[in-house]
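Have a look at data-v2.txt below; it lists compact mmCIF, C-alpha atoms.
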```txt
# COMPACT_ATOMS: atom_id res chain seq x y z
CA MET A 1 -32.23 17.04 23.64
CA THR A 2 -30.61 18.80 20.70
CA GLN A 3 -29.19 17.22 17.57
CA GLN A 4 -25.44 17.47 17.46
CA ALA A 5 -24.33 15.58 14.39
CA SER A 6 -21.66 17.36 12.41
CA ALA A 7 -19.29 16.53 9.61
CA ALA A 8 -16.30 17.80 11.55
CA THR A 9 -13.26 16.07 10.14
CA GLY A 10 -10.94 18.82 11.30
CA GLN A 11 -12.04 18.42 14.92
CA MET A 12 -11.48 14.69 14.98
CA PRO A 13 -8.70 13.54 17.30
CA ILE A 14 -5.89 11.72 15.54
CA GLY A 15 -6.65 8.55 17.48
CA ALA A 16 -10.24 8.47 16.19
CA ARG A 17 -9.13 9.20 12.66
CA VAL A 18 -6.62 6.36 12.73
CA HIS A 19 -9.24 3.87 13.94
CA LEU A 20 -11.64 4.85 11.16
CA ALA A 21 -8.87 4.87 8.54
CA HIS A 22 -7.93 1.26 9.43
CA ALA A 23 -11.57 0.35 8.77
CA VAL A 24 -11.56 2.23 5.46
CA VAL A 25 -8.45 0.37 4.30
CA GLN A 26 -9.95 -2.97 5.34
CA LYS A 27 -13.16 -2.22 3.42
CA LEU A 28 -11.05 -1.54 0.32
CA ALA A 29 -9.21 -4.82 0.88
CA ASP A 30 -12.45 -6.78 1.39
CA ASP A 31 -14.00 -5.36 -1.77
CA ARG A 32 -10.98 -6.20 -3.93
CA GLY A 33 -9.72 -9.46 -2.46
CA ILE A 34 -6.51 -7.96 -1.08
CA ASP A 35 -4.62 -9.87 1.60
CA LEU A 36 -3.24 -7.57 4.27
CA LEU A 37 -2.55 -7.44 7.97
CA HIS A 38 -3.10 -4.45 10.21
CA LEU A 39 -0.11 -3.63 12.41
CA LYS A 40 0.62 -1.40 15.38
CA GLY A 41 -1.72 1.16 16.95
CA PRO A 42 -5.29 -0.11 17.31
CA ALA A 43 -4.26 -3.40 15.67
CA VAL A 44 -2.19 -4.41 18.70
CA LEU A 45 -3.90 -7.12 20.75
CA PRO A 46 -4.71 -6.29 24.38
CA GLY A 47 -1.82 -6.67 26.79
CA LEU A 48 0.93 -6.43 24.18
CA ARG A 49 1.58 -2.75 24.50
CA ALA A 50 2.21 -0.80 27.65
CA GLY A 51 0.20 2.33 28.33
CA ASN A 52 -2.22 3.99 26.00
CA ARG A 53 -0.01 5.35 23.24
CA GLN A 54 -1.77 6.28 20.04
CA SER A 55 -0.54 5.87 16.49
CA SER A 56 -0.66 8.81 14.14
CA ASP A 57 -0.89 6.69 11.01
CA VAL A 58 -2.21 3.40 9.71
CA ASP A 59 0.32 0.60 9.22
CA VAL A 60 -0.55 -2.36 7.05
CA LEU A 61 1.50 -5.27 5.73
CA VAL A 62 0.21 -6.28 2.30
CA ARG A 63 0.89 -9.50 0.46
CA PRO A 64 3.56 -8.27 -1.99
CA SER A 65 1.81 -9.73 -5.02
CA HIS A 66 -1.33 -7.77 -4.03
CA LEU A 67 0.46 -4.43 -3.71
CA HIS A 68 -0.72 -3.13 -7.08
CA LYS A 69 -4.33 -3.83 -6.14
CA LEU A 70 -3.96 -2.00 -2.84
CA VAL A 71 -2.33 0.99 -4.51
CA ASP A 72 -5.21 1.20 -7.01
CA ALA A 73 -7.73 0.92 -4.19
CA LEU A 74 -6.10 3.60 -2.02
CA GLU A 75 -5.77 6.01 -4.89
CA SER A 76 -9.39 5.41 -6.00
CA VAL A 77 -10.61 7.07 -2.81
CA GLY A 78 -8.15 9.94 -2.72
CA TRP A 79 -4.93 8.72 -1.11
CA GLU A 80 -1.82 10.15 -2.80
CA GLN A 81 1.56 8.45 -2.76
CA ARG A 82 4.16 10.60 -1.02
CA THR A 83 7.16 8.26 -0.74
CA ASP A 84 8.12 5.23 -2.76
CA PHE A 85 9.64 1.96 -1.66
CA ALA A 86 13.16 2.87 -2.76
CA THR A 87 13.26 6.05 -0.69
CA GLY A 88 10.85 5.31 2.15
CA SER A 89 13.34 3.61 4.47
CA VAL A 90 16.67 1.88 4.87
CA PHE A 91 15.01 -1.46 4.20
CA ALA A 92 13.02 -0.25 1.14
CA HIS A 93 10.12 -2.04 2.80
CA ALA A 94 7.45 0.66 3.07
CA ALA A 95 5.93 3.59 1.24
CA ASN A 96 3.50 6.25 2.43
CA TRP A 97 0.18 7.52 1.13
CA TRP A 98 -1.57 10.69 2.34
CA HIS A 99 -5.30 11.47 2.40
CA ASP A 100 -6.62 14.89 3.44
CA GLY A 101 -9.38 13.29 5.50
CA TRP A 102 -7.85 10.03 6.67
CA GLY A 103 -4.18 10.96 7.03
CA TRP A 104 -1.21 8.66 6.50
CA VAL A 105 -1.16 5.01 5.49
CA ASP A 106 2.19 3.26 5.68
CA VAL A 107 2.09 0.31 3.32
CA HIS A 108 4.68 -2.36 4.15
CA VAL A 109 5.58 -5.21 1.82
CA SER A 110 8.00 -6.67 4.35
CA TRP A 111 8.99 -6.00 7.93
CA PRO A 112 12.47 -4.78 8.91
CA GLY A 113 14.56 -7.63 10.23
CA VAL A 114 12.76 -10.39 8.34
CA THR A 115 15.16 -11.79 5.77
CA ILE A 116 13.22 -14.51 3.95
CA ASP A 117 11.32 -13.86 0.71
CA ALA A 118 8.61 -11.26 1.34
CA GLU A 119 5.76 -13.29 -0.17
CA ARG A 120 6.70 -16.29 1.97
CA ALA A 121 7.07 -14.03 5.01
CA PHE A 122 3.52 -12.76 4.50
CA ASP A 123 2.28 -16.36 4.42
CA VAL A 124 4.05 -17.07 7.69
CA LEU A 125 2.91 -13.88 9.45
CA SER A 126 -0.70 -14.29 8.29
CA ARG A 127 -0.86 -18.04 8.92
CA ASP A 128 -2.53 -17.73 12.31
CA ALA A 129 -3.99 -14.24 11.83
CA VAL A 130 -6.99 -13.30 13.93
CA LEU A 131 -9.84 -10.89 13.27
CA HIS A 132 -9.57 -7.97 15.66
CA PRO A 133 -12.26 -5.27 15.78
CA ILE A 134 -11.05 -1.81 14.82
CA ALA A 135 -13.79 0.84 14.66
CA HIS A 136 -16.23 -2.05 15.07
CA ARG A 137 -15.01 -3.70 11.86
CA PRO A 138 -13.24 -7.08 11.77
CA CYS A 139 -9.65 -6.49 10.68
CA PRO A 140 -7.06 -9.28 10.24
CA VAL A 141 -4.06 -8.85 12.53
CA PRO A 142 -1.11 -11.17 13.22
CA CYS A 143 -1.57 -13.68 16.02
CA ARG A 144 -0.23 -12.86 19.46
CA THR A 145 3.15 -14.56 18.86
CA ALA A 146 3.67 -12.76 15.55
CA GLN A 147 2.62 -9.47 17.10
CA ARG A 148 5.20 -9.87 19.85
CA LEU A 149 7.87 -10.31 17.19
CA VAL A 150 6.63 -7.42 15.04
CA LEU A 151 6.63 -5.08 18.03
CA VAL A 152 10.13 -6.09 19.16
CA LEU A 153 11.55 -5.74 15.65
CA HIS A 154 9.93 -2.34 15.30
CA ALA A 155 11.32 -1.26 18.65
CA ALA A 156 14.82 -2.37 17.63
CA ARG A 157 14.51 -0.59 14.30
CA SER A 158 13.14 2.67 15.65
CA GLY A 159 15.60 2.89 18.50
CA GLY A 160 12.86 3.01 21.13
CA LEU A 161 12.67 -0.14 23.21
CA GLY A 162 9.60 0.87 25.23
CA ASP A 163 7.41 -1.81 23.68
CA VAL A 164 9.84 -4.60 24.49
CA GLU A 165 8.69 -4.85 28.11
CA ALA A 166 5.09 -5.70 27.21
CA ALA A 167 5.84 -7.64 24.03
CA TRP A 168 8.82 -9.69 25.21
CA THR A 169 10.00 -9.27 28.79
CA SER A 170 6.61 -9.93 30.33
CA ALA A 171 5.99 -12.97 28.10
CA ASP A 172 6.41 -16.29 29.87
CA PRO A 173 9.17 -18.70 28.73
CA ALA A 174 6.78 -20.76 26.59
CA GLU A 175 5.60 -17.63 24.79
CA GLN A 176 9.17 -16.46 24.27
CA ALA A 177 10.05 -19.88 22.84
CA GLU A 178 7.15 -19.54 20.38
CA VAL A 179 8.48 -16.14 19.31
CA ARG A 180 11.97 -17.59 18.81
CA ARG A 181 10.57 -20.41 16.67
CA LEU A 182 8.73 -17.90 14.49
CA THR A 183 11.85 -15.73 14.35
CA ALA A 184 13.91 -18.61 13.01
CA GLU A 185 11.26 -19.36 10.39
CA LEU A 186 11.41 -15.73 9.22
CA GLY A 187 15.19 -15.43 9.39
CA ALA A 188 14.91 -12.55 11.84
CA GLU A 189 17.28 -13.79 14.52
CA VAL A 190 19.67 -10.82 14.43
CA ALA A 191 16.88 -8.26 14.55
CA LEU A 192 15.14 -10.03 17.43
CA ALA A 193 18.46 -10.20 19.26
CA ALA A 194 18.85 -6.45 18.78
CA GLY A 195 15.45 -5.91 20.35
CA ILE A 196 15.95 -8.13 23.39
CA GLY A 197 19.54 -7.29 24.30
CA GLU A 198 21.29 -10.27 22.68
CA LEU A 199 22.82 -8.56 19.67
CA GLU A 200 26.40 -9.28 20.79
CA LEU A 201 25.73 -12.99 20.22
CA HIS A 202 25.59 -12.15 16.49
CA ARG A 203 28.79 -10.14 16.02
CA GLY A 204 29.75 -12.10 12.91
CA ALA A 205 26.42 -11.62 11.14
CA PRO A 206 26.35 -9.37 8.05
CA THR A 207 23.50 -7.32 9.53
CA TYR A 208 25.14 -6.91 12.96
CA ALA A 209 26.53 -3.44 12.22
CA LEU A 210 23.19 -2.20 10.90
CA TRP A 211 21.26 -3.24 14.00
CA HIS A 212 24.05 -1.94 16.20
CA HIS A 213 23.67 1.39 14.45
CA PHE A 214 19.90 1.42 15.04
CA LEU A 215 20.40 0.66 18.72
CA HIS A 216 23.33 2.93 19.48
CA GLY A 217 23.31 5.53 16.73
CA GLY A 218 26.32 7.01 14.99
CA SER A 219 27.04 9.27 12.05
CA ARG A 220 25.37 8.96 8.67
CA LEU A 221 28.69 7.53 7.44
CA ASP A 222 28.45 4.77 10.02
CA GLU A 223 24.91 4.07 8.90
CA TRP A 224 25.94 3.67 5.26
CA ARG A 225 28.88 1.50 6.16
CA ALA A 226 26.48 -0.72 8.10
CA ARG A 227 24.04 -0.80 5.21
CA LEU A 228 26.77 -1.75 2.78
CA THR A 229 27.85 -4.58 5.04
CA ALA A 230 24.28 -5.83 5.36
CA ALA A 231 23.54 -5.67 1.61
CA THR A 232 24.11 -9.03 -0.01
CA GLY A 233 25.69 -9.10 -3.44
CA THR A 234 27.53 -6.60 -5.57
CA ARG A 235 24.41 -5.36 -7.28
CA ALA A 236 22.71 -4.60 -3.97
CA LYS A 237 25.79 -2.73 -2.75
CA ALA A 238 25.97 -0.71 -5.97
CA GLY A 239 22.27 0.11 -5.65
CA LEU A 240 22.81 1.40 -2.14
CA LEU A 241 25.68 3.62 -3.24
CA THR A 242 23.59 5.03 -6.06
CA SER A 243 20.73 5.91 -3.77
CA ALA A 244 23.17 7.30 -1.21
CA LEU A 245 24.25 9.90 -3.72
CA ARG A 246 20.71 10.90 -4.59
CA VAL A 247 18.69 13.42 -2.59
CA ASN A 248 15.53 11.83 -1.26
CA ARG A 249 12.98 13.98 -3.08
CA ASP A 250 10.06 12.38 -1.25
CA HIS A 251 11.41 13.33 2.16
CA LEU A 252 12.44 16.78 0.94
CA ARG A 253 8.91 17.31 -0.33
CA MET A 254 7.49 16.40 3.07
CA GLU A 255 9.97 18.64 4.84
CA LEU A 256 9.29 21.63 2.57
CA GLY A 257 5.56 21.06 2.24
CA HIS A 258 5.72 21.32 -1.55
CA PRO A 259 7.44 19.52 -4.42
CA PRO A 260 11.09 20.61 -4.32
CA THR A 261 12.38 22.79 -7.11
CA ARG A 262 15.60 21.88 -8.91
CA GLN A 263 17.32 24.66 -6.94
CA GLU A 264 16.11 23.24 -3.63
CA VAL A 265 17.33 19.75 -4.57
CA ARG A 266 20.69 21.19 -5.55
CA ALA A 267 20.91 23.16 -2.28
CA ARG A 268 20.17 19.98 -0.35
CA GLN A 269 22.88 18.09 -2.25
CA VAL A 270 25.37 20.79 -1.34
CA ARG A 271 24.28 20.57 2.31
CA ARG A 272 24.74 16.78 2.29
CA LEU A 273 28.14 17.14 0.72
CA ARG A 274 29.16 19.63 3.41
CA ARG A 275 27.93 17.27 6.11
CA ALA A 276 29.96 14.43 4.57
CA VAL A 277 33.04 16.67 4.46
CA GLY A 278 32.46 17.48 8.13
CA GLU A 279 32.21 13.80 9.05
CA LEU A 280 35.40 12.97 7.15
CA SER A 281 37.20 15.87 8.83
CA ARG A 282 36.15 14.64 12.27
CA ARG A 283 37.43 11.15 11.47
CA TRP A 284 40.72 12.58 10.22
CA GLU A 285 41.13 14.55 13.44
CA ARG A 286 40.51 11.42 15.54
CA ARG A 287 43.37 9.54 13.85
CA MET B 1 -42.83 -2.25 14.19
CA THR B 2 -39.81 -0.49 12.72
CA ARG B 3 -36.48 -1.56 14.12
CA TYR B 4 -33.25 0.36 13.64
CA ARG B 5 -29.63 -0.72 13.51
CA ILE B 6 -26.27 0.69 12.46
CA ALA B 7 -25.77 0.24 8.71
CA ASP B 8 -23.49 -2.56 7.52
CA ASP B 9 -20.95 -0.30 5.81
CA VAL B 10 -20.33 1.91 8.82
CA ALA B 11 -17.26 2.08 11.03
CA TRP B 12 -17.29 3.95 14.30
CA VAL B 13 -15.23 4.54 17.39
CA SER B 14 -16.09 5.96 20.78
CA HIS B 15 -13.60 5.76 23.65
CA GLU B 16 -13.42 7.82 26.80
CA ASP B 17 -9.90 8.95 25.86
CA LEU B 18 -11.15 10.22 22.49
CA ASP B 19 -14.03 12.24 23.96
CA ASN B 20 -14.10 15.89 23.08
CA GLY B 21 -13.32 17.79 26.29
CA GLY B 22 -15.09 15.24 28.48
CA THR B 23 -18.24 15.22 26.33
CA PRO B 24 -19.16 11.72 25.18
CA THR B 25 -18.27 11.57 21.50
CA ALA B 26 -18.61 9.01 18.71
CA TYR B 27 -16.81 9.27 15.39
CA VAL B 28 -18.72 7.59 12.60
CA THR B 29 -18.15 7.07 8.90
CA ARG B 30 -19.50 5.18 5.95
CA LEU B 31 -17.01 2.96 4.17
CA PRO B 32 -14.96 3.54 2.22
CA GLN B 33 -15.74 7.08 1.09
CA GLY B 34 -16.82 8.78 4.33
CA PRO B 35 -17.15 11.55 5.23
CA PRO B 36 -16.64 11.13 8.97
CA THR B 37 -19.32 12.50 11.24
CA THR B 38 -18.82 13.55 14.84
CA LEU B 39 -21.66 12.80 17.25
CA GLU B 40 -21.33 14.63 20.54
CA GLY B 41 -23.21 14.55 23.82
CA PRO B 42 -26.83 13.43 23.44
CA ALA B 43 -26.20 12.39 19.83
CA CYS B 44 -23.42 10.09 21.01
CA VAL B 45 -25.71 8.64 23.69
CA VAL B 46 -28.34 7.85 21.06
CA TRP B 47 -25.68 6.31 18.82
CA LEU B 48 -24.51 4.04 21.63
CA ALA B 49 -28.15 3.15 22.33
CA LEU B 50 -28.45 2.19 18.66
CA ALA B 51 -25.37 -0.04 18.74
CA GLU B 52 -27.34 -3.15 19.62
CA GLY B 53 -30.28 -2.17 17.43
CA GLY B 54 -33.90 -2.10 18.50
CA SER B 55 -37.30 -0.52 18.27
CA PRO B 56 -37.77 3.20 18.92
CA ALA B 57 -38.97 2.36 22.42
CA GLU B 58 -35.94 0.14 23.13
CA ILE B 59 -33.51 2.72 21.79
CA THR B 60 -35.21 5.47 23.77
CA ALA B 61 -35.09 3.37 26.92
CA ALA B 62 -31.37 2.66 26.49
CA ALA B 63 -30.64 6.33 25.81
CA ALA B 64 -32.72 7.44 28.78
CA GLN B 65 -30.84 5.06 31.05
CA MET B 66 -27.46 6.40 29.92
CA TRP B 67 -28.66 10.01 29.94
CA GLY B 68 -30.42 9.78 33.29
CA ALA B 69 -33.76 10.96 31.88
CA GLU B 70 -37.29 9.72 31.66
CA PRO B 71 -38.00 8.03 28.30
CA ALA B 72 -41.18 10.05 27.87
CA ASP B 73 -39.19 13.28 28.12
CA ILE B 74 -36.80 12.43 25.29
CA ASP B 75 -38.56 9.97 22.98
CA GLU B 76 -39.45 12.53 20.28
CA ASP B 77 -35.93 13.94 20.14
CA VAL B 78 -34.41 10.47 20.08
CA LEU B 79 -36.60 9.41 17.18
CA SER B 80 -35.89 12.58 15.25
CA LEU B 81 -32.15 12.06 15.69
CA VAL B 82 -32.44 8.43 14.62
CA GLU B 83 -34.32 9.53 11.51
CA GLU B 84 -31.57 12.02 10.70
CA LEU B 85 -29.00 9.23 11.02
CA VAL B 86 -31.13 7.14 8.65
CA ARG B 87 -31.13 10.05 6.19
CA LEU B 88 -27.31 10.11 6.40
CA ASP B 89 -27.29 6.34 5.61
CA LEU B 90 -25.54 5.68 8.90
CA VAL B 91 -28.52 3.83 10.33
CA THR B 92 -30.86 1.48 8.57
CA THR B 93 -34.22 -0.03 9.35
CA ALA B 94 -34.04 -3.73 10.04
```
Encoded form using structure tokens:
Amino acid sequence: MTQQASAATGQMPIGARVHLAHAVVQKLADDRGIDLLHLKGPAVLPGLRAGNRQSSDVDVLVRPSHLHKLVDALESVGWEQRTDFATGSVFAHAANWWHDGWGWVDVHVSWPGVTIDAERAFDVLSRDAVLHPIAHRPCPVPCRTAQRLVLVLHAARSGGLGDVEAAWTSADPAEQAEVRRLTAELGAEVALAAGIGELELHRGAPTYALWHHFLHGGSRLDEWRARLTAATGTRAKAGLLTSALRVNRDHLRMELGHPPTRQEVRARQVRRLRRAVGELSRRWERR
Amino acid sequence: MTRYRIADDVAWVSHEDLDNGGTPTAYVTRLPQGPPTTLEGPACVVWLALAEGGSPAEITAAAAQMWGAEPADIDEDVLSLVEELVRLDLVTTA
């Protein structure tokens, strides 16, 4: 028998890396008293996801008031922030950190579709959390009912409804009723409806157009119109318009593989402007 | 008698669908700093034998059962691998 132990990070399959990275993040949380929940990928409880799909990154939901502690912890072991919460997504709910050995961690402070205060939402989602072994380490994950909701909301948001079958359709009526009760508590009725084919029951809701866009697509102009409708308050709408006019440097950096130069940002702004002109022209022609 | 077990600050994963080209593989790391270590083939078998802890004889017996070998034929190699894992702080003596 020969000894075949090697420090072979580069040869590690993504699936193995993600399992170990969840455990690394949980160790950091344990050591620093950080409340978080592991989501998606290996955090999904058995039977809630069809097939054997693997995640390529670690998703965690952190108690918002503990975010600064988690950021310090991640960066103390070599993770580098690559996107911030303003630019990371439509909902400004997540930001990404990269580690050369452990890969991506997506840190969420809220979950798309949940409309109540984020701190309160964390309390609700973690209320019945269970410890689920990932890489042979106990990691807190939402209970089965909360996981069903998280998976359906994610499916509605990402435009892929593959997870809905296992998370919702195959649930029995009592389980679905539990999910609806939790949904009401979190103010996520429109998002759940988008995930389970009931969106048209919410045509008057401010977020209807946004979820319709996620489900059915449309131009970038349609997306921004939907976001403006969903934003509550003048300040929120103004904030959206401001960020709409700004090139997302974080995403451009990821796309280019290096921090964008001023010239590259300017070139991207010109490209966006041309795309907007094209969209306006197409609308004009349709009239 | 010395007994061995996986160290408290270790995370590891070994699934058939993560095996390297059909070779049994375990991916192991200390927390939180790493680095990750890949244990393939016989090394993975010994790691799995270690998972429940035990004396050298018990670990050798478990490895021999998985490997389809006689314990007497592999006991020295098993112990030397276990000692290397102890040196890497992945395994500790109980």
Which residues, written as an MDAnalysis selection string, have at least one atom at most 9 Å from Pro56 of chain B, with only C-alpha atoms counted and residues fewer than 4 positions away on the same chain left out?
chainID B and resid 1:4 60:61 75 78:79 82
Point out the residue among A:His213, A:His108, A:His19, A:His38 with the least atom-to-atom distance to chain B, counting only C-alpha atoms.
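Using only C-alpha atoms, chain B sits closest to A:His19.
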List every residue of chain B that has an atom at most 6 Å from any atom of chain A, and for each one report the closest atom pair and its distance in Å to one decimal, counting all atoms listed in the file, with rows sorted by chain and then by increasing residue number, as JSON lines.
```
{"residue": "B:Ala11", "atom": "CA", "partner": "A:Ala135", "partner_atom": "CA", "distance": 5.2}
{"residue": "B:Trp12", "atom": "CA", "partner": "A:Ala135", "partner_atom": "CA", "distance": 4.7}
{"residue": "B:Val13", "atom": "CA", "partner": "A:Ala135", "partner_atom": "CA", "distance": 4.8}
{"residue": "B:Leu31", "atom": "CA", "partner": "A:Val24", "partner_atom": "CA", "distance": 5.6}
{"residue": "B:Pro32", "atom": "CA", "partner": "A:Val24", "partner_atom": "CA", "distance": 4.9}
{"residue": "B:Thr37", "atom": "CA", "partner": "A:Ala7", "partner_atom": "CA", "distance": 4.3}
{"residue": "B:Thr38", "atom": "CA", "partner": "A:Ser6", "partner_atom": "CA", "distance": 5.3}
{"residue": "B:Leu39", "atom": "CA", "partner": "A:Ala5", "partner_atom": "CA", "distance": 4.8}
{"residue": "B:Glu40", "atom": "CA", "partner": "A:Gln4", "partner_atom": "CA", "distance": 5.9}
{"residue": "B:Ala43", "atom": "CA", "partner": "A:Gln4", "partner_atom": "CA", "distance": 5.7}
{"residue": "B:Asp77", "atom": "CA", "partner": "A:Met1", "partner_atom": "CA", "distance": 6.0}
```
For those residues, write C-alpha atoms to a file as a CSV table (one decimal), in the frame of the given file.
```csv
chain,number,residue,atom,x,y,z
B,11,ALA,CA,-17.3,2.1,11.0
B,12,TRP,CA,-17.3,4.0,14.3
B,13,VAL,CA,-15.2,4.5,17.4
B,31,LEU,CA,-17.0,3.0,4.2
B,32,PRO,CA,-15.0,3.5,2.2
B,37,THR,CA,-19.3,12.5,11.2
B,38,THR,CA,-18.8,13.6,14.8
B,39,LEU,CA,-21.7,12.8,17.2
B,40,GLU,CA,-21.3,14.6,20.5
B,43,ALA,CA,-26.2,12.4,19.8
B,77,ASP,CA,-35.9,13.9,20.1
```
Atom CA of Val71 of chain A to atom CA of Met254 of chain A, straight-line distance in Å:
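Pair atom CA of Met254 of chain A / atom CA of Val71 of chain A returns 19.8 Å.
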Between atom CA of Ala205 of chain A and atom CA of Glu189 of chain A, measure the distance and give it in Å to one decimal.
10.0 Å
As a check of understanding: the span from atom CA of Gln54 of chain A to atom CA of Asp106 of chain A is 15.2 Å
Fewer than 5 positions away in the same chain doesn't count, so skip those; otherwise give me all residues within 12 Å of Pro24 of chain B, counting all atoms listed in the file, as a short mmCIF file (atom, residue, chain, number, x, y, z; two decimals) with C-alpha atoms, keeping the file's coordinate frame.
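Output file result-v6.cif follows:
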```
data_model
loop_
_atom_site.label_atom_id
_atom_site.label_comp_id
_atom_site.auth_asym_id
_atom_site.auth_seq_id
_atom_site.Cartn_x
_atom_site.Cartn_y
_atom_site.Cartn_z
CA GLN A 4 -25.44 17.47 17.46
CA VAL B 13 -15.23 4.54 17.39
CA SER B 14 -16.09 5.96 20.78
CA HIS B 15 -13.60 5.76 23.65
CA GLU B 16 -13.42 7.82 26.80
CA ASP B 17 -9.90 8.95 25.86
CA LEU B 18 -11.15 10.22 22.49
CA ASP B 19 -14.03 12.24 23.96
CA THR B 38 -18.82 13.55 14.84
CA LEU B 39 -21.66 12.80 17.25
CA GLU B 40 -21.33 14.63 20.54
CA GLY B 41 -23.21 14.55 23.82
CA PRO B 42 -26.83 13.43 23.44
CA ALA B 43 -26.20 12.39 19.83
CA CYS B 44 -23.42 10.09 21.01
CA VAL B 45 -25.71 8.64 23.69
CA VAL B 46 -28.34 7.85 21.06
CA TRP B 47 -25.68 6.31 18.82
CA LEU B 48 -24.51 4.04 21.63
CA MET B 66 -27.46 6.40 29.92
CA TRP B 67 -28.66 10.01 29.94
#
```
Mind checking which residues fall within 9 Å of segment 87-93 of chain B, counting only C-alpha atoms, ignoring those fewer than 3 positions away in the same chain, and posting them as a ChimeraX atom specification?
/B:2-10,28-30,50,82-84
With a distance cut-off of 10 Å and all atoms listed in the file, select the neighbouring residues of Val109 of chain A, excluding the residue or stretch itself and same-chain residues fewer than 4 positions from it, and output the selection as a count of residues only.
18
Output as lines of an AutoDock Vina configuration file the centre and edge lengths (Å, one decimal) of the box along x, y and z of the file that holds every listed atom of segment 155-170 of chain A after adding 3 Å on each side.
```
center_x = 10.3
center_y = -3.5
center_z = 22.3
size_x = 16.5
size_y = 18.9
size_z = 22.0
```
Find the residues near segment 151-156 of chain A: any atom within 8 Å, counting only C-alpha atoms, skip ones fewer than 2 places away on the same chain, and give them as a list in words.
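In the requested format, the answer is Lys40, Pro112, Gly113, Gln147, Arg148, Leu149, Ser158, Gly159, Gly160, Leu161, Gly162, Asp163, Val164, Ala167, Trp168, Ala191, Leu192, Ala194, Gly195, Ile196, Trp211, Phe214 and Leu215 of chain A.
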Measuring between all atoms listed in the file, which one of A:Ala29, A:Leu125, A:Val130, A:Leu48 shows the shortest distance to Ala166 of chain A?
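Looking at the shortest contact to Ala166 of chain A, the residue is A:Leu48.
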